[in-house]
Amino acid sequence: MIVVTGATGNVGRALVSQLAADRVPVRALTRDPARAQLPEGVEVARFAGPGEPAAMAALFEGATALFLHLAAGGEDTPALLAAARDGGVKHVVVLSSIIVDHDEAAEHPIHVVHSELERHVRESGLGWTALRPGAFCTNSLQWAPQVRAGDTVRGPFGEAMTAPVHEADIAAVAAVALRDPAGHTGAVYSLTGPEGITTREQIHAVGRAVGRELRFEEIAPDEVPAEMFPHVPPEMLPTLLKSIGDSVGTEAEVTTAVADVTGRPARTFARWAEDHADDFRA
């Protein structure tokens with residue numbers, strides 16, 4: 001039995017679906033099971049925190065492995081890991097961030113929270129594997145409202161360069177490590193897509209996927225409204241915009257970890273856009 005936290009998020013949902021397709025017993029944790037809409041045959045359980053110790057302990061009965069998302073534990077991550085260990089879990093695959101690879105970014109808020117998360121996992125007494133994805137392809141869903149409304153997408157830094165990774169590839173690496181812990185204990189995998197691509201090129205790829213010619217109109221960073229980046233806390237937006245701006249004119253960081261672990265190449269952004277075309281249609 002594999003327990004998946006963040007089961008209705010982008011990576012968690014993909015992981016649950018992949019495990020279910022392979023008939024691997026999976027217990028998906030969510031704060032609202034009634035709205036989970038996960039594949040048939042998946043055990044869906046209400047996520048219980050440390051304030052409900054008996055309920056939290058029950059989540060790990062019969063489980064041997066855990067997929068841990070940052071939002072699952074928060075400040076209570078050590079208690080969650082202790083409950084997992086007491087319930088019989090032997091291995092945890094933790095979803096971290098590629099920024100932890102970079103010591104020069106140690107003061108960055110994203111580096112701070114994910115470094116702390118990894119520390120809790122290393123100190124848990126469990127076997128562990130750390131996944132450090134870079135930019136997610138799903139970040140481009142922030143452009144969906146504009147794409148639905150017309151053929152012009154406005155945003156900052158059209159030439160910003162990243163190598164975004166498909167959530168299904170992150171999930172595929174997680175699935176391998178969860179099913180074969182011995183082969184991946186203590187491993188750290190930095191995950192990216194297979195190639196660099198600019199923001200402008202991403203918008204054009206989305207246009208091809210939906211069968212329309214989209215135009216990217218660049219705006220100044222100080223004109224960016226908070227709602228343009230809905231997945232980012234407003235207080236972190238300036239830091240994010242600086243990071244995006246710093247990538248203009250650079251080479252994207254590209255790794256081969258997805259292929260190394262899964263045995264097949266990472267999916268391209270164009271493939272992701274095709275997979276999510278309906279999300280951009282009115």
# chains A, B, ... in the order shown; residues from 1 in each chain; ligands from 1
call {"tool": "residues_around", "arguments": {"residues": "Pro145 (chain A)", "least_positions_apart": "4", "cutoff": "9 Å", "atoms": "only C-alpha atoms", "output": "list of chain:residue names"}}
result
A:Leu141, A:Ala149, A:Gly150, A:Phe280, A:Ala282
call {"tool": "closest_atom_pairs", "arguments": {"of": "region 148-188 of chain A", "to": "region 66-89 of chain A", "cutoff": "12 Å", "atoms": "only C-alpha atoms", "output": "Markdown table"}}
result
| residue | atom | partner | partner_atom | distance |
| --- | --- | --- | --- | --- |
| A:Ile170 | CA | A:Phe67 | CA | 11.7 |
| A:Ala171 | CA | A:Phe67 | CA | 9.9 |
| A:Val173 | CA | A:Phe67 | CA | 11.4 |
| A:Ala174 | CA | A:Phe67 | CA | 7.7 |
| A:Ala175 | CA | A:Phe67 | CA | 9.0 |
| A:Val176 | CA | A:Phe67 | CA | 11.6 |
| A:Ala177 | CA | A:Phe67 | CA | 9.7 |
| A:Leu178 | CA | A:Leu66 | CA | 7.4 |
| A:Arg179 | CA | A:Leu66 | CA | 10.5 |
| A:Pro181 | CA | A:Leu66 | CA | 10.7 |
call {"tool": "atom_distance", "arguments": {"atom1": "CA of Ile110 (chain A)", "atom2": "CA of Pro164 (chain A)"}}
result
16.9 Å
call {"tool": "select_by_dssp", "arguments": {"residues": "region 157-269 of chain A", "states": "alpha helix (DSSP H)", "output": "VMD selection string"}}
result
chain A and resid 167 to 179 199 to 210 237 to 246 257 to 262 269
call {"tool": "atom_distance", "arguments": {"atom1": "CA of Gly196 (chain A)", "atom2": "CA of Ala252 (chain A)"}}
result
5.1 Å
call {"tool": "residues_around", "arguments": {"residues": "region 219-226 of chain A", "least_positions_apart": "3", "cutoff": "12 Å", "atoms": "only C-alpha atoms", "output": "list in words"}}
result
Gln142, Val153, Arg154, Gly155, Pro156, Phe157, Gly158, Glu159, Phe216, Phe229, Pro230, His231, Val232, Pro233, Pro234, Glu235, Met236, Leu237, Pro238, Thr239, Leu240, Leu241, Lys242, Ser243, Ile244 and Gly245 of chain A
call {"tool": "closest_residue", "arguments": {"among": "A:Asp260, A:Ala168, A:Asn139, A:Glu107", "to": "Leu19 (chain A)", "atoms": "only C-alpha atoms"}}
result
A:Ala168
call {"tool": "residues_around", "arguments": {"residues": "Ser96 (chain A)", "least_positions_apart": "5", "cutoff": "6 Å", "atoms": "only C-alpha atoms", "output": "mmCIF file with N, CA and C atoms, in the first residue's frame"}}
result
data_model
loop_
_atom_site.group_PDB
_atom_site.id
_atom_site.type_symbol
_atom_site.label_atom_id
_atom_site.label_comp_id
_atom_site.auth_asym_id
_atom_site.auth_seq_id
_atom_site.Cartn_x
_atom_site.Cartn_y
_atom_site.Cartn_z
ATOM 1 N N HIS A 114 11.717 24.201 1.394
ATOM 2 C CA HIS A 114 11.981 22.857 0.889
ATOM 3 C C HIS A 114 13.223 22.238 1.537
ATOM 4 N N LEU A 131 12.775 14.236 -4.690
ATOM 5 C CA LEU A 131 12.548 14.701 -6.056
ATOM 6 C C LEU A 131 12.600 16.222 -6.048
ATOM 7 N N ARG A 132 13.451 16.781 -6.902
ATOM 8 C CA ARG A 132 13.600 18.235 -6.970
ATOM 9 C C ARG A 132 13.268 18.731 -8.380
#
call {"tool": "residues_around", "arguments": {"residues": "region 271-275 of chain A", "least_positions_apart": "3", "cutoff": "9 Å", "atoms": "only C-alpha atoms", "output": "ChimeraX atom specification"}}
result
/A:137-138,165-167,202,205-210,267-268,278
call {"tool": "residues_around", "arguments": {"residues": "region 31-38 of chain A", "least_positions_apart": "3", "cutoff": "12 Å", "atoms": "only C-alpha atoms", "output": "VMD selection string"}}
result
chain A and resid 5 to 9 12 to 21 26 to 28 41 to 49 71 to 72
call {"tool": "closest_residue", "arguments": {"among": "A:Thr30, A:Leu191, A:Ser247, A:His111", "to": "Ala266 (chain A)", "atoms": "only C-alpha atoms"}}
result
A:Leu191
call {"tool": "select_by_dssp", "arguments": {"residues": "region 51-278 of chain A", "states": "strand (DSSP E)", "output": "PyMOL selection string"}}
result
chain A and resi 65-68+91-95+127-133+152-155+161-162+188-191+197-198+215-218
call {"tool": "write_last_selection", "arguments": {"atoms": "N, CA, C and O atoms", "output": "CSV table (one decimal), in the first residue's frame"}}
result
chain,number,residue,atom,x,y,z
A,65,ALA,N,4.9,2.7,2.0
A,65,ALA,CA,5.6,3.8,1.4
A,65,ALA,C,4.7,5.0,1.4
A,65,ALA,O,3.4,4.9,1.4
A,66,LEU,N,5.3,6.2,1.3
A,66,LEU,CA,4.6,7.5,1.4
A,66,LEU,C,5.1,8.5,0.4
A,66,LEU,O,6.3,8.6,0.3
A,67,PHE,N,4.2,9.1,-0.3
A,67,PHE,CA,4.6,10.3,-1.2
A,67,PHE,C,4.2,11.5,-0.4
A,67,PHE,O,3.0,11.7,0.0
A,68,LEU,N,5.2,12.4,-0.1
A,68,LEU,CA,5.0,13.5,0.8
A,68,LEU,C,5.1,14.8,0.0
A,68,LEU,O,6.1,15.2,-0.6
A,91,HIS,N,9.5,3.8,3.6
A,91,HIS,CA,10.2,4.7,2.7
A,91,HIS,C,9.3,5.9,2.3
A,91,HIS,O,8.1,5.7,2.2
A,92,VAL,N,9.9,7.1,2.2
A,92,VAL,CA,9.1,8.2,1.8
A,92,VAL,C,9.8,8.9,0.6
A,92,VAL,O,11.0,9.0,0.5
A,93,VAL,N,9.0,9.2,-0.4
A,93,VAL,CA,9.4,10.0,-1.5
A,93,VAL,C,8.9,11.4,-1.4
A,93,VAL,O,7.7,11.6,-1.3
A,94,VAL,N,9.8,12.4,-1.2
A,94,VAL,CA,9.4,13.7,-0.9
A,94,VAL,C,9.5,14.6,-2.1
A,94,VAL,O,10.5,14.6,-2.9
A,95,LEU,N,8.5,15.4,-2.4
A,95,LEU,CA,8.5,16.4,-3.5
A,95,LEU,C,9.1,17.7,-3.0
A,95,LEU,O,8.5,18.4,-2.2
A,127,GLY,N,13.6,5.4,5.2
A,127,GLY,CA,14.4,5.5,4.0
A,127,GLY,C,13.7,6.6,3.1
A,127,GLY,O,12.5,6.9,3.3
A,128,TRP,N,14.5,7.3,2.3
A,128,TRP,CA,13.9,8.4,1.6
A,128,TRP,C,14.5,8.6,0.2
A,128,TRP,O,15.6,8.1,-0.1
A,129,THR,N,13.7,9.2,-0.7
A,129,THR,CA,14.2,9.7,-2.0
A,129,THR,C,13.6,11.1,-2.2
A,129,THR,O,12.5,11.4,-1.8
A,130,ALA,N,14.5,12.0,-2.6
A,130,ALA,CA,14.1,13.4,-2.8
A,130,ALA,C,13.9,13.7,-4.3
A,130,ALA,O,14.8,13.4,-5.1
A,131,LEU,N,12.8,14.2,-4.7
A,131,LEU,CA,12.5,14.7,-6.1
A,131,LEU,C,12.6,16.2,-6.0
A,131,LEU,O,11.9,16.9,-5.3
A,132,ARG,N,13.5,16.8,-6.9
A,132,ARG,CA,13.6,18.2,-7.0
A,132,ARG,C,13.3,18.7,-8.4
A,132,ARG,O,14.2,19.0,-9.2
A,133,PRO,N,12.0,18.9,-8.7
A,133,PRO,CA,11.6,19.4,-10.0
A,133,PRO,C,11.9,20.9,-10.1
A,133,PRO,O,11.9,21.6,-9.2
A,152,THR,N,-4.5,37.2,-27.7
A,152,THR,CA,-3.3,37.9,-27.2
A,152,THR,C,-3.1,37.6,-25.7
A,152,THR,O,-4.0,37.7,-24.9
A,153,VAL,N,-1.9,37.2,-25.4
A,153,VAL,CA,-1.5,36.9,-24.0
A,153,VAL,C,-0.5,37.9,-23.6
A,153,VAL,O,0.5,38.1,-24.2
A,154,ARG,N,-0.8,38.6,-22.5
A,154,ARG,CA,0.1,39.6,-21.9
A,154,ARG,C,0.8,39.1,-20.7
A,154,ARG,O,0.2,38.4,-19.8
A,155,GLY,N,2.1,39.4,-20.6
A,155,GLY,CA,2.9,38.9,-19.5
A,155,GLY,C,4.3,39.5,-19.5
A,155,GLY,O,4.7,40.1,-20.5
A,161,MET,N,13.8,31.9,-20.0
A,161,MET,CA,14.1,30.6,-20.5
A,161,MET,C,14.0,29.6,-19.3
A,161,MET,O,14.6,29.8,-18.2
A,162,THR,N,13.2,28.5,-19.5
A,162,THR,CA,13.2,27.4,-18.5
A,162,THR,C,13.1,26.1,-19.3
A,162,THR,O,13.0,26.1,-20.5
A,188,VAL,N,18.8,11.7,-4.8
A,188,VAL,CA,18.2,13.0,-5.0
A,188,VAL,C,18.1,13.2,-6.5
A,188,VAL,O,19.1,13.1,-7.2
A,189,TYR,N,16.9,13.4,-7.1
A,189,TYR,CA,16.7,13.5,-8.5
A,189,TYR,C,16.2,14.9,-8.8
A,189,TYR,O,15.1,15.3,-8.4
A,190,SER,N,17.0,15.7,-9.6
A,190,SER,CA,16.6,17.0,-10.1
A,190,SER,C,16.0,16.8,-11.4
A,190,SER,O,16.6,16.3,-12.4
A,191,LEU,N,14.7,17.2,-11.5
A,191,LEU,CA,13.9,16.9,-12.6
A,191,LEU,C,13.5,18.1,-13.5
A,191,LEU,O,13.1,19.1,-13.0
A,197,ILE,N,12.9,26.3,-23.2
A,197,ILE,CA,11.9,26.9,-24.0
A,197,ILE,C,11.5,28.3,-23.4
A,197,ILE,O,11.5,28.4,-22.1
A,198,THR,N,11.3,29.3,-24.2
A,198,THR,CA,11.0,30.6,-23.6
A,198,THR,C,9.5,30.7,-23.3
A,198,THR,O,8.7,29.9,-23.8
A,215,ARG,N,-0.6,35.4,-29.8
A,215,ARG,CA,0.4,36.4,-29.8
A,215,ARG,C,0.8,36.8,-28.4
A,215,ARG,O,-0.1,36.9,-27.5
A,216,PHE,N,2.1,36.9,-28.1
A,216,PHE,CA,2.5,37.2,-26.7
A,216,PHE,C,2.9,38.7,-26.7
A,216,PHE,O,3.7,39.2,-27.5
A,217,GLU,N,2.3,39.5,-25.8
A,217,GLU,CA,2.6,40.9,-25.7
A,217,GLU,C,3.3,41.1,-24.3
A,217,GLU,O,2.7,40.9,-23.3
A,218,GLU,N,4.5,41.5,-24.4
A,218,GLU,CA,5.3,41.7,-23.2
A,218,GLU,C,4.9,43.0,-22.5
A,218,GLU,O,4.7,44.0,-23.1
call {"tool": "decode", "arguments": {"residues": "region 208-231 of chain A", "atoms": "N, CA, C and O atoms", "output": "tab-separated table (two decimals), in the first residue's frame"}}
result
chain	number	residue	atom	x	y	z
A	208	ARG	N	-0.78	26.25	-30.85
A	208	ARG	CA	-0.82	25.12	-31.78
A	208	ARG	C	-1.70	24.00	-31.22
A	208	ARG	O	-2.43	23.33	-31.96
A	209	ALA	N	-1.62	23.78	-29.92
A	209	ALA	CA	-2.40	22.70	-29.30
A	209	ALA	C	-3.90	22.97	-29.39
A	209	ALA	O	-4.69	22.03	-29.52
A	210	VAL	N	-4.29	24.24	-29.29
A	210	VAL	CA	-5.73	24.57	-29.33
A	210	VAL	C	-6.19	24.97	-30.72
A	210	VAL	O	-7.36	25.29	-30.92
A	211	GLY	N	-5.25	24.96	-31.69
A	211	GLY	CA	-5.62	25.26	-33.07
A	211	GLY	C	-5.82	26.73	-33.37
A	211	GLY	O	-6.60	27.10	-34.26
A	212	ARG	N	-5.08	27.59	-32.65
A	212	ARG	CA	-5.17	29.04	-32.87
A	212	ARG	C	-3.77	29.65	-32.87
A	212	ARG	O	-2.85	29.09	-32.28
A	213	GLU	N	-3.64	30.80	-33.52
A	213	GLU	CA	-2.37	31.51	-33.50
A	213	GLU	C	-2.41	32.56	-32.39
A	213	GLU	O	-3.17	33.53	-32.47
A	214	LEU	N	-1.63	32.33	-31.35
A	214	LEU	CA	-1.61	33.23	-30.22
A	214	LEU	C	-0.43	34.20	-30.33
A	214	LEU	O	0.63	33.85	-30.84
A	215	ARG	N	-0.62	35.39	-29.81
A	215	ARG	CA	0.42	36.41	-29.80
A	215	ARG	C	0.76	36.76	-28.36
A	215	ARG	O	-0.13	36.91	-27.53
A	216	PHE	N	2.06	36.87	-28.07
A	216	PHE	CA	2.50	37.25	-26.73
A	216	PHE	C	2.86	38.72	-26.73
A	216	PHE	O	3.69	39.18	-27.53
A	217	GLU	N	2.28	39.47	-25.82
A	217	GLU	CA	2.56	40.90	-25.67
A	217	GLU	C	3.27	41.12	-24.34
A	217	GLU	O	2.68	40.89	-23.28
A	218	GLU	N	4.52	41.55	-24.42
A	218	GLU	CA	5.30	41.70	-23.19
A	218	GLU	C	4.93	42.97	-22.45
A	218	GLU	O	4.75	44.04	-23.06
A	219	ILE	N	4.81	42.87	-21.13
A	219	ILE	CA	4.55	44.02	-20.28
A	219	ILE	C	5.67	44.15	-19.26
A	219	ILE	O	6.40	43.19	-18.98
A	220	ALA	N	5.82	45.33	-18.69
A	220	ALA	CA	6.87	45.57	-17.70
A	220	ALA	C	6.53	44.86	-16.40
A	220	ALA	O	5.35	44.70	-16.05
A	221	PRO	N	7.55	44.42	-15.67
A	221	PRO	CA	7.30	43.72	-14.40
A	221	PRO	C	6.43	44.50	-13.42
A	221	PRO	O	5.61	43.91	-12.70
A	222	ASP	N	6.59	45.83	-13.41
A	222	ASP	CA	5.80	46.62	-12.45
A	222	ASP	C	4.35	46.79	-12.87
A	222	ASP	O	3.54	47.37	-12.14
A	223	GLU	N	3.99	46.25	-14.05
A	223	GLU	CA	2.61	46.28	-14.51
A	223	GLU	C	1.89	44.96	-14.26
A	223	GLU	O	0.71	44.81	-14.57
A	224	VAL	N	2.61	43.99	-13.68
A	224	VAL	CA	2.05	42.65	-13.49
A	224	VAL	C	1.11	42.65	-12.29
A	224	VAL	O	1.53	42.91	-11.15
A	225	PRO	N	-0.17	42.32	-12.50
A	225	PRO	CA	-1.09	42.22	-11.35
A	225	PRO	C	-0.93	40.87	-10.66
A	225	PRO	O	-0.53	39.88	-11.27
A	226	ALA	N	-1.22	40.84	-9.39
A	226	ALA	CA	-1.07	39.60	-8.61
A	226	ALA	C	-1.89	38.47	-9.20
A	226	ALA	O	-1.47	37.31	-9.18
A	227	GLU	N	-3.07	38.78	-9.76
A	227	GLU	CA	-3.93	37.72	-10.29
A	227	GLU	C	-3.35	37.05	-11.52
A	227	GLU	O	-3.82	36.00	-11.95
A	228	MET	N	-2.29	37.63	-12.12
A	228	MET	CA	-1.65	37.00	-13.27
A	228	MET	C	-0.88	35.75	-12.84
A	228	MET	O	-0.64	34.85	-13.64
A	229	PHE	N	-0.49	35.69	-11.56
A	229	PHE	CA	0.23	34.53	-11.02
A	229	PHE	C	-0.56	34.00	-9.82
A	229	PHE	O	-0.13	34.14	-8.67
A	230	PRO	N	-1.72	33.39	-10.05
A	230	PRO	CA	-2.61	33.01	-8.94
A	230	PRO	C	-2.03	31.95	-8.02
A	230	PRO	O	-2.50	31.82	-6.88
A	231	HIS	N	-1.03	31.20	-8.48
A	231	HIS	CA	-0.44	30.15	-7.64
A	231	HIS	C	0.65	30.70	-6.72
A	231	HIS	O	1.23	29.93	-5.93
